[in-house]
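> File follows, run_25.txt with compact mmCIF, C-alpha atoms:
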# COMPACT_ATOMS: atom_id res chain seq x y z
CA PRO A 20 19.90 -114.39 -71.53
CA THR A 21 23.47 -114.33 -72.73
CA LYS A 22 24.62 -112.13 -75.61
CA GLU A 23 24.70 -115.17 -77.87
CA GLU A 24 21.12 -116.14 -76.98
CA GLN A 25 19.96 -112.53 -77.41
CA ALA A 26 21.54 -112.38 -80.88
CA ALA A 27 19.99 -115.70 -81.92
CA GLU A 28 16.55 -114.56 -80.77
CA GLU A 29 16.87 -111.28 -82.69
CA ALA A 30 18.02 -113.15 -85.81
CA GLU A 31 15.01 -115.49 -85.61
CA GLU A 32 12.63 -112.52 -85.25
CA ALA A 33 14.24 -110.83 -88.25
CA ALA A 34 13.88 -114.01 -90.33
CA VAL A 35 10.18 -114.33 -89.43
CA ALA A 36 9.59 -110.69 -90.35
CA ALA A 37 11.40 -111.15 -93.68
CA ARG A 38 9.31 -114.21 -94.58
CA ALA A 39 6.11 -112.35 -93.72
CA ALA A 40 7.12 -109.39 -95.89
CA ALA A 41 7.99 -111.68 -98.80
CA ALA A 42 4.63 -113.45 -98.54
CA GLU A 43 2.82 -110.08 -98.56
CA ARG A 44 4.72 -108.99 -101.69
CA ALA A 45 3.85 -112.29 -103.40
CA LYS A 46 0.15 -111.71 -102.77
CA GLN A 47 0.39 -108.43 -104.64
CA VAL A 48 2.10 -109.96 -107.69
CA VAL A 49 0.60 -113.40 -108.24
CA TYR A 50 -2.74 -113.42 -110.06
CA LYS A 51 -5.29 -115.61 -108.30
CA ALA A 52 -8.48 -116.77 -110.01
CA PRO A 53 -11.47 -115.28 -108.13
CA PHE A 54 -14.30 -117.35 -106.77
CA ALA A 55 -17.99 -117.45 -107.71
CA GLN A 56 -19.38 -114.03 -108.69
CA GLU A 57 -16.29 -112.22 -107.40
CA TRP A 58 -14.54 -112.76 -110.74
CA ALA A 59 -16.99 -110.46 -112.50
CA GLU A 60 -15.79 -107.52 -110.42
CA VAL A 61 -12.11 -108.40 -110.66
CA LEU A 62 -11.84 -109.21 -114.37
CA ASP A 63 -12.56 -105.76 -115.74
CA ALA A 64 -12.30 -105.05 -119.46
CA ASN A 65 -9.00 -103.29 -118.77
CA ASP A 66 -7.45 -106.49 -117.43
CA ASP A 67 -6.18 -107.21 -120.94
CA ASP A 68 -3.13 -105.20 -119.87
CA ASP A 69 -2.45 -107.40 -116.82
CA PRO A 70 0.97 -109.03 -117.44
CA ASN A 71 -0.07 -112.01 -115.31
CA VAL A 72 -2.99 -112.94 -117.63
CA TYR A 73 -2.20 -114.54 -120.99
CA LEU A 74 -4.88 -113.97 -123.64
CA ARG A 75 -4.59 -116.28 -126.63
CA PRO A 76 -5.81 -114.57 -129.82
CA PRO A 77 -9.01 -115.96 -131.39
CA ASN A 78 -8.60 -118.61 -134.06
CA GLY A 79 -10.67 -120.03 -136.92
CA GLN A 80 -14.07 -118.36 -137.34
CA VAL A 81 -13.91 -116.67 -133.93
CA ARG A 82 -13.99 -112.87 -134.04
CA HIS A 83 -13.79 -112.20 -130.29
CA ILE A 84 -13.57 -114.51 -127.25
CA THR A 85 -13.24 -113.78 -123.54
CA GLN A 86 -10.55 -115.40 -121.45
CA GLU A 87 -12.93 -117.66 -119.47
CA VAL A 88 -13.55 -119.85 -122.54
CA ASP A 89 -10.89 -122.29 -123.75
CA GLN A 90 -10.73 -122.61 -127.53
CA ASP A 91 -9.11 -125.89 -128.56
CA TYR A 92 -5.61 -125.30 -129.94
CA TYR A 93 -5.79 -128.06 -132.55
CA ASP A 94 -9.50 -127.83 -133.45
CA PRO A 95 -10.66 -124.18 -133.29
CA LYS A 96 -14.31 -125.27 -133.64
CA VAL A 97 -14.23 -126.80 -130.13
CA PHE A 98 -14.71 -124.81 -126.92
CA ARG A 99 -14.61 -125.76 -123.23
CA LEU A 100 -15.53 -124.09 -119.98
CA ASP A 101 -15.48 -125.16 -116.35
CA GLY A 102 -17.89 -124.15 -113.62
CA LYS A 103 -20.27 -125.50 -111.00
CA ASP A 104 -23.73 -123.92 -111.43
CA LYS A 105 -26.27 -126.07 -113.28
CA SER A 106 -29.53 -124.60 -112.01
CA TRP A 107 -29.41 -121.05 -113.36
CA PHE A 108 -27.55 -119.00 -115.96
CA LEU A 109 -24.73 -117.00 -114.40
CA GLN A 110 -22.72 -115.80 -117.36
CA LYS A 111 -19.05 -116.67 -117.46
CA GLY A 112 -17.65 -116.11 -120.94
CA ALA A 113 -18.69 -115.06 -124.43
CA MET A 114 -17.64 -115.18 -128.07
CA THR A 115 -18.63 -113.77 -131.43
CA PHE A 116 -17.90 -115.20 -134.88
CA HIS A 117 -17.10 -113.90 -138.33
CA ARG A 118 -19.73 -114.42 -141.05
CA ALA A 119 -19.45 -114.19 -144.83
CA ASP A 120 -22.88 -112.58 -145.31
CA ALA A 121 -23.98 -109.88 -142.86
CA LYS A 122 -27.64 -110.22 -143.90
CA LYS A 123 -27.98 -113.99 -143.59
CA PHE A 124 -26.03 -116.57 -141.59
CA ARG A 125 -26.35 -119.65 -139.40
CA LEU A 126 -24.51 -120.64 -136.23
CA GLU A 127 -24.79 -124.32 -135.32
CA VAL A 128 -23.70 -125.90 -132.04
CA CYS A 129 -23.21 -129.54 -131.07
CA PHE A 130 -22.58 -130.49 -127.45
CA LEU A 131 -19.59 -132.79 -126.87
CA GLY A 132 -18.35 -134.77 -123.90
CA GLY A 133 -19.19 -138.40 -124.67
CA GLU A 134 -19.91 -140.27 -121.42
CA LYS A 135 -20.23 -136.95 -119.58
CA SER A 136 -23.00 -135.66 -121.84
CA ARG A 137 -25.84 -138.22 -121.86
CA PHE A 138 -29.54 -137.45 -122.24
CA GLY A 139 -32.88 -139.12 -121.52
CA ASP A 140 -32.80 -142.84 -120.69
CA GLU A 141 -29.02 -143.04 -121.05
CA TYR A 142 -28.66 -140.33 -118.41
CA ALA A 143 -31.18 -142.06 -116.13
CA ASP A 144 -29.11 -145.28 -116.27
CA LEU A 145 -25.97 -143.54 -114.96
CA SER A 146 -24.85 -143.86 -111.36
CA ARG A 147 -25.38 -140.90 -109.05
CA ALA A 148 -21.69 -140.01 -109.29
CA GLU A 149 -21.80 -140.14 -113.09
CA GLN A 150 -24.91 -137.96 -113.15
CA HIS A 151 -23.19 -135.46 -110.86
CA ALA A 152 -20.24 -135.30 -113.30
CA THR A 153 -22.51 -134.67 -116.31
CA ILE A 154 -21.78 -131.50 -118.30
CA ASN A 155 -23.67 -129.31 -120.81
CA TRP A 156 -26.68 -127.85 -119.02
CA LEU A 157 -26.90 -124.21 -120.12
CA LEU A 158 -26.02 -122.08 -123.14
CA MET A 159 -27.14 -118.87 -124.83
CA ILE A 160 -26.94 -118.59 -128.60
CA GLY A 161 -27.99 -115.66 -130.76
CA VAL A 162 -26.73 -112.45 -132.35
CA ALA A 163 -24.66 -109.62 -130.87
CA ARG A 164 -24.62 -106.06 -132.15
CA GLY A 165 -21.37 -105.19 -133.90
CA SER A 166 -21.04 -101.99 -131.89
CA HIS A 167 -20.94 -103.90 -128.60
CA GLU A 168 -17.84 -105.81 -127.44
CA LEU A 169 -18.79 -108.74 -125.23
CA THR A 170 -17.27 -108.79 -121.75
CA GLY A 171 -18.28 -112.26 -120.55
CA TYR A 172 -20.57 -110.82 -117.86
CA LYS A 173 -24.26 -109.79 -118.18
CA ASP A 174 -23.93 -109.36 -121.95
CA CYS A 175 -27.43 -110.70 -122.62
CA LYS A 176 -29.05 -107.58 -121.19
CA SER A 177 -27.47 -105.10 -123.56
CA SER A 178 -25.46 -106.67 -126.37
CA GLY A 179 -28.04 -108.36 -128.62
CA PHE A 180 -30.74 -111.02 -128.81
CA TYR A 181 -30.38 -114.61 -127.62
CA PHE A 182 -32.10 -117.93 -126.97
CA LEU A 183 -31.35 -119.39 -123.53
CA LEU A 184 -31.22 -123.20 -123.52
CA HIS A 185 -31.52 -124.87 -120.12
CA CYS A 186 -31.68 -128.66 -119.87
CA ASN A 187 -34.20 -129.99 -117.34
CA TYR A 188 -33.01 -132.12 -114.44
CA ARG A 189 -33.94 -135.40 -116.19
CA ARG A 190 -32.12 -134.20 -119.32
CA THR A 191 -35.04 -135.04 -121.57
CA HIS A 192 -35.83 -131.52 -122.86
CA TRP A 193 -34.32 -128.10 -123.34
CA ARG A 194 -36.36 -125.31 -121.81
CA VAL A 195 -36.09 -122.28 -124.10
CA ILE A 196 -36.65 -118.61 -123.37
CA GLY A 197 -35.55 -115.43 -125.11
CA CYS A 198 -33.16 -112.89 -123.66
CA PRO A 199 -33.79 -110.02 -123.03
CA HIS A 200 -36.81 -111.53 -121.27
CA ASN A 201 -39.35 -108.80 -122.13
CA SER A 202 -40.20 -110.68 -125.30
CA GLU A 203 -41.89 -113.86 -126.47
CA LEU A 204 -41.14 -116.78 -128.76
CA GLN A 205 -43.28 -117.93 -131.66
CA ASP A 206 -43.25 -121.29 -133.45
CA PRO A 207 -43.82 -121.67 -137.23
CA LYS A 208 -47.54 -122.28 -136.63
CA GLY A 209 -47.95 -118.99 -134.78
CA ALA A 210 -48.21 -120.30 -131.21
CA SER A 211 -46.52 -118.02 -128.66
CA TYR A 212 -44.46 -118.91 -125.59
CA THR A 213 -43.36 -116.89 -122.58
CA CYS A 214 -39.83 -115.68 -121.91
CA ASN A 215 -40.48 -115.14 -118.21
CA PRO A 216 -37.91 -117.27 -116.32
CA GLN A 217 -40.40 -117.75 -113.46
CA ASP A 218 -43.24 -118.94 -115.70
CA GLY A 219 -43.94 -122.66 -116.09
CA SER A 220 -45.26 -122.47 -119.64
CA GLN A 221 -41.91 -122.17 -121.39
CA PHE A 222 -41.24 -123.86 -124.71
CA GLU A 223 -39.62 -127.30 -124.41
CA LEU A 224 -37.47 -128.91 -127.10
CA LEU A 225 -36.57 -132.60 -127.06
CA ALA A 226 -32.93 -133.12 -125.97
CA VAL A 227 -30.90 -135.92 -127.57
CA GLU A 228 -27.24 -136.81 -127.92
CA ASN A 229 -25.31 -135.35 -130.90
CA GLN A 230 -28.13 -132.86 -131.43
CA GLN A 231 -27.42 -129.97 -133.81
CA LEU A 232 -28.80 -126.78 -132.29
CA GLY A 233 -28.33 -123.30 -133.62
CA ILE A 234 -29.70 -119.99 -134.85
CA GLU A 235 -30.47 -118.51 -138.23
CA PHE A 236 -30.38 -114.78 -138.87
CA ALA A 237 -32.26 -113.71 -142.01
CA ASP A 238 -34.59 -110.87 -142.98
CA GLN A 239 -33.82 -109.10 -139.67
CA GLU A 240 -35.22 -112.09 -137.71
CA VAL A 241 -33.58 -114.68 -135.46
CA TRP A 242 -34.78 -118.29 -135.49
CA LEU A 243 -33.81 -121.16 -133.20
CA LEU A 244 -32.79 -124.26 -135.17
CA SER A 245 -32.85 -127.95 -134.30
CA GLY A 246 -31.41 -130.36 -136.82
CA GLY A 247 -31.22 -127.51 -139.30
CA GLU A 248 -34.99 -126.85 -139.11
CA ARG A 249 -36.63 -123.70 -137.79
CA VAL A 250 -38.25 -124.24 -134.40
CA LEU A 251 -38.85 -120.82 -132.82
CA ARG A 252 -38.66 -117.18 -133.82
CA GLY A 253 -37.58 -114.57 -131.32
CA PHE A 254 -40.16 -111.80 -130.97
CA TRP A 255 -38.25 -108.95 -129.30
CA THR A 256 -40.46 -106.01 -130.26
CA HIS A 257 -40.48 -104.36 -126.81
CA ALA A 258 -36.86 -105.16 -126.02
CA ALA A 259 -35.69 -103.81 -129.39
CA ARG A 260 -37.44 -100.49 -128.83
CA GLU A 261 -35.41 -99.96 -125.67
CA PHE A 262 -32.33 -99.47 -127.84
CA GLY A 263 -33.82 -96.11 -128.87
CA GLU A 264 -33.27 -94.70 -132.32
CA GLU A 265 -31.54 -97.88 -133.49
CA ALA A 266 -34.76 -99.83 -133.12
CA GLY A 267 -36.87 -98.10 -135.75
CA ASP A 268 -40.38 -99.54 -135.74
CA ALA A 269 -39.25 -103.02 -134.59
CA GLU A 270 -42.59 -104.42 -135.70
CA ASP A 271 -43.50 -108.05 -136.42
CA GLY A 272 -40.45 -109.43 -134.67
CA LYS A 273 -37.97 -107.61 -136.89
CA LEU A 274 -34.74 -106.60 -135.17
CA PRO A 275 -33.27 -103.10 -135.38
CA ASP A 276 -31.45 -102.57 -138.67
CA VAL A 277 -27.88 -102.61 -137.34
CA GLU A 278 -24.85 -104.85 -137.81
CA TYR A 279 -25.00 -108.27 -136.09
CA PHE A 280 -22.57 -111.13 -135.56
CA PRO A 281 -23.33 -114.72 -134.48
CA ALA A 282 -22.66 -115.04 -130.75
CA ILE A 283 -22.58 -117.51 -127.86
CA LEU A 284 -22.77 -116.67 -124.16
CA THR A 285 -21.54 -119.39 -121.80
CA SER A 286 -22.59 -120.00 -118.20
CA ASN A 287 -20.63 -120.82 -115.05
CA CYS A 288 -21.29 -124.48 -115.83
CA PRO A 289 -19.04 -127.29 -117.16
CA THR A 290 -19.55 -127.16 -120.92
CA GLU A 291 -17.97 -128.55 -124.09
CA PHE A 292 -19.26 -127.93 -127.60
CA SER A 293 -18.37 -127.33 -131.23
CA ALA A 294 -19.60 -124.26 -133.09
CA VAL A 295 -19.62 -123.58 -136.85
CA VAL A 296 -20.90 -120.59 -138.85
CA THR A 297 -22.32 -121.08 -142.35
How does this structure look as structure tokens?

Amino acid sequence: PTKEEQAAEEAEEAAVAARAAAAERAKQVVYKAPFAQEWAEVLDANDDDDPNVYLRPPNGQVRHITQEVDQDYYDPKVFRLDGKDKSWFLQKGAMTFHRADAKKFRLEVCFLGGEKSRFGDEYADLSRAEQHATINWLLMIGVARGSHELTGYKDCKSSGFYFLLHCNYRRTHWRVIGCPHNSELQDPKGASYTCNPQDGSQFELLAVENQQLGIEFADQEVWLLSGGERVLRGFWTHAAREFGEEAGDAEDGKLPDVEYFPAILTSNCPTEFSAVVT
């Protein structure tokens, strides 16, 4: 080749190398959202210092919220979350709320979404595509210990006591279990229900549109509410004792005598709801 051709070839090689180096540098700077369960390893608690991640401060009654959950800017009672898993609870997000009375409070949730959140016969009448786009399948609601800051990942095993609500595939009922699972649930008449996720005899609660679900914390007990009425009491005697000295006797379904805040754990599932503490 001539000197001119040799110089052009070298210039082209240098340009290709420069573009490759620039692309490699960009990979190291640009924050990319991780996929599936990978995010739980990447989004460590120390990522609050990452300049590429903007964390909006909590608003309204919210005390603490993880970055996976979107709190509505104009209506701080409304929360949204995206995701793709509807069959099991893979935690992706969490929040705690302020309460006026540390000894007694309620946290009530109402699922939103309009056409995307139908139940029962209205859900059955939807097209297959509309059913596939349906949201609001899973949620945990309960109390978190004040000494534990929620991370948005596996909080249910160590942070407090929760009711897991999972809508069945026909969207006619909520299946309810307690978390931690080494516990049982008890209705006002004294009947007991398993918290084993693999057991078929779980408690089922009728699911309807605009349903008010929630929890009540009073007298060191946590109750599941539906329409403002008590439905189930969490009986975490064995789970509470695993907290050690904090647990005390933990008899008769009483929780350890420590500070609690109303809390919600969200799943990797498309969800939209309002939440209010009273």
> Around all the atoms of range 91-98 of chain A listed in the file, with 6 Å of room on each side, what axis-aligned box do you get, giving centre and edge lengths in Å to one decimal, as AutoDock Vina command-line options?

--center_x -10.2 --center_y -126.1 --center_z -130.3 --size_x 21.1 --size_y 15.9 --size_z 18.7
> In Å, how far is it from CA of Lys123 in chain A to CA of Gln239 in chain A?
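Between these atoms lies a distance of 8.6 Å.
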> What is the CA of Glu248 in chain A-CA of Phe138 in chain A distance in Å, reported with one decimal?
20.7 Å
> For Lys173 in chain A, find every residue with an atom within 12 Å (counting only C-alpha atoms), except residues of its own chain fewer than 4 positions away, and show them as an NGL selection string.
:A and (56 or 59-60 or 108-113 or 159 or 168-169 or 177-179 or 198-199 or 284-286)
> The residues within 9 Å of (-36.6, -114.3, -140.1), using only C-alpha atoms and the coordinates of the file, should be reported as a list in words; which are they?
Glu235, Phe236, Ala237, Asp238, Gln239, Glu240, Val241, Trp242, Arg252, Gly253, Gly272 and Lys273 of chain A
> Just the number, please: distance in Å from CA of Cys175 in chain A to CA of Asn215 in chain A, one decimal.
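Distance between the two atoms: 14.5 Å.
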> I'd like the contact shell of Asn187 in chain A - 9 Å cut-off, all atoms listed in the file, skipping same-chain residues fewer than 5 positions apart - returned as a ChimeraX atom specification.
/A:106,156,192-194
> Which residue is closest to Ala163 in chain A? Choose from A:Ala143, A:Ala119, A:Leu274, A:Val97 and count all atoms listed in the file.
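With all atoms listed in the file as the atom set, the closest residue is A:Leu274.
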> At a cut-off of 9 Å, using all atoms listed in the file, what residues contact range 276-283 of chain A? Leave out same-chain residues fewer than 3 positions from it and give the result as an MDAnalysis selection string.
chainID A and resid 82 112:118 121:122 124:126 158:166 179 181 234:236 239 265:267 269 273 296
> Between A:Gln90, A:Ser146, A:Thr290, A:Thr191, which residue has the minimum interatomic distance to Gly132 in chain A, considering all atoms listed in the file?
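With all atoms listed in the file as the atom set, the closest residue is A:Thr290.
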> Give the answer as one residue: which of A:Glu127, A:Asp144, A:Asp271, A:Glu291 has the shortest atom-to-atom distance to Asp89 in chain A, using all atoms listed in the file?
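Counting all atoms listed in the file, the residue closest to Asp89 in chain A is A:Glu291.
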> From the set A:Gly171, A:Ala148, A:Pro275, A:Cys129, which residue has the shortest atom-to-atom contact distance to Gly247 in chain A, counting all atoms listed in the file?
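Distance minimum relative to Gly247 in chain A lands on A:Cys129.
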> Could N, CA, C and O atoms be built for range 23-39 of chain A and written out as a PDB file, keeping the file's coordinate frame?

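Generated output (part_16.pdb):
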ATOM      1  N   GLU A  23      24.894-114.252 -76.755  1.00  0.00           N
ATOM      2  CA  GLU A  23      24.700-115.170 -77.870  1.00  0.00           C
ATOM      3  C   GLU A  23      23.225-115.532 -78.041  1.00  0.00           C
ATOM      4  O   GLU A  23      22.686-115.570 -79.166  1.00  0.00           O
ATOM      5  N   GLU A  24      22.541-115.810 -76.919  1.00  0.00           N
ATOM      6  CA  GLU A  24      21.120-116.140 -76.980  1.00  0.00           C
ATOM      7  C   GLU A  24      20.289-114.954 -77.461  1.00  0.00           C
ATOM      8  O   GLU A  24      19.334-115.110 -78.232  1.00  0.00           O
ATOM      9  N   GLN A  25      20.663-113.740 -76.970  1.00  0.00           N
ATOM     10  CA  GLN A  25      19.960-112.530 -77.410  1.00  0.00           C
ATOM     11  C   GLN A  25      20.102-112.338 -78.908  1.00  0.00           C
ATOM     12  O   GLN A  25      19.140-112.009 -79.614  1.00  0.00           O
ATOM     13  N   ALA A  26      21.294-112.566 -79.446  1.00  0.00           N
ATOM     14  CA  ALA A  26      21.540-112.380 -80.880  1.00  0.00           C
ATOM     15  C   ALA A  26      20.767-113.411 -81.695  1.00  0.00           C
ATOM     16  O   ALA A  26      20.218-113.094 -82.753  1.00  0.00           O
ATOM     17  N   ALA A  27      20.726-114.655 -81.199  1.00  0.00           N
ATOM     18  CA  ALA A  27      19.990-115.700 -81.920  1.00  0.00           C
ATOM     19  C   ALA A  27      18.504-115.395 -81.951  1.00  0.00           C
ATOM     20  O   ALA A  27      17.821-115.602 -82.974  1.00  0.00           O
ATOM     21  N   GLU A  28      17.969-114.897 -80.841  1.00  0.00           N
ATOM     22  CA  GLU A  28      16.550-114.560 -80.770  1.00  0.00           C
ATOM     23  C   GLU A  28      16.219-113.424 -81.730  1.00  0.00           C
ATOM     24  O   GLU A  28      15.204-113.460 -82.442  1.00  0.00           O
ATOM     25  N   GLU A  29      17.096-112.404 -81.790  1.00  0.00           N
ATOM     26  CA  GLU A  29      16.870-111.280 -82.690  1.00  0.00           C
ATOM     27  C   GLU A  29      16.950-111.731 -84.160  1.00  0.00           C
ATOM     28  O   GLU A  29      16.189-111.265 -85.015  1.00  0.00           O
ATOM     29  N   ALA A  30      17.880-112.647 -84.439  1.00  0.00           N
ATOM     30  CA  ALA A  30      18.020-113.150 -85.810  1.00  0.00           C
ATOM     31  C   ALA A  30      16.773-113.930 -86.237  1.00  0.00           C
ATOM     32  O   ALA A  30      16.310-113.830 -87.381  1.00  0.00           O
ATOM     33  N   GLU A  31      16.221-114.725 -85.312  1.00  0.00           N
ATOM     34  CA  GLU A  31      15.010-115.490 -85.610  1.00  0.00           C
ATOM     35  C   GLU A  31      13.831-114.553 -85.872  1.00  0.00           C
ATOM     36  O   GLU A  31      13.048-114.747 -86.805  1.00  0.00           O
ATOM     37  N   GLU A  32      13.703-113.498 -85.046  1.00  0.00           N
ATOM     38  CA  GLU A  32      12.630-112.520 -85.250  1.00  0.00           C
ATOM     39  C   GLU A  32      12.773-111.820 -86.592  1.00  0.00           C
ATOM     40  O   GLU A  32      11.782-111.575 -87.297  1.00  0.00           O
ATOM     41  N   ALA A  33      13.994-111.497 -86.964  1.00  0.00           N
ATOM     42  CA  ALA A  33      14.240-110.830 -88.250  1.00  0.00           C
ATOM     43  C   ALA A  33      13.881-111.754 -89.415  1.00  0.00           C
ATOM     44  O   ALA A  33      13.319-111.321 -90.431  1.00  0.00           O
ATOM     45  N   ALA A  34      14.189-113.054 -89.271  1.00  0.00           N
ATOM     46  CA  ALA A  34      13.880-114.010 -90.330  1.00  0.00           C
ATOM     47  C   ALA A  34      12.379-114.168 -90.503  1.00  0.00           C
ATOM     48  O   ALA A  34      11.856-114.237 -91.624  1.00  0.00           O
ATOM     49  N   VAL A  35      11.640-114.222 -89.376  1.00  0.00           N
ATOM     50  CA  VAL A  35      10.180-114.330 -89.430  1.00  0.00           C
ATOM     51  C   VAL A  35       9.588-113.104 -90.103  1.00  0.00           C
ATOM     52  O   VAL A  35       8.686-113.191 -90.950  1.00  0.00           O
ATOM     53  N   ALA A  36      10.088-111.925 -89.756  1.00  0.00           N
ATOM     54  CA  ALA A  36       9.590-110.690 -90.350  1.00  0.00           C
ATOM     55  C   ALA A  36       9.875-110.645 -91.853  1.00  0.00           C
ATOM     56  O   ALA A  36       9.049-110.201 -92.652  1.00  0.00           O
ATOM     57  N   ALA A  37      11.041-111.148 -92.254  1.00  0.00           N
ATOM     58  CA  ALA A  37      11.400-111.150 -93.680  1.00  0.00           C
ATOM     59  C   ALA A  37      10.502-112.083 -94.467  1.00  0.00           C
ATOM     60  O   ALA A  37      10.069-111.762 -95.584  1.00  0.00           O
ATOM     61  N   ARG A  38      10.197-113.270 -93.896  1.00  0.00           N
ATOM     62  CA  ARG A  38       9.310-114.210 -94.580  1.00  0.00           C
ATOM     63  C   ARG A  38       7.904-113.631 -94.705  1.00  0.00           C
ATOM     64  O   ARG A  38       7.240-113.788 -95.744  1.00  0.00           O
ATOM     65  N   ALA A  39       7.434-112.950 -93.672  1.00  0.00           N
ATOM     66  CA  ALA A  39       6.110-112.350 -93.720  1.00  0.00           C
ATOM     67  C   ALA A  39       6.037-111.255 -94.784  1.00  0.00           C
ATOM     68  O   ALA A  39       5.057-111.139 -95.533  1.00  0.00           O
TER      69      ALA A  39
END
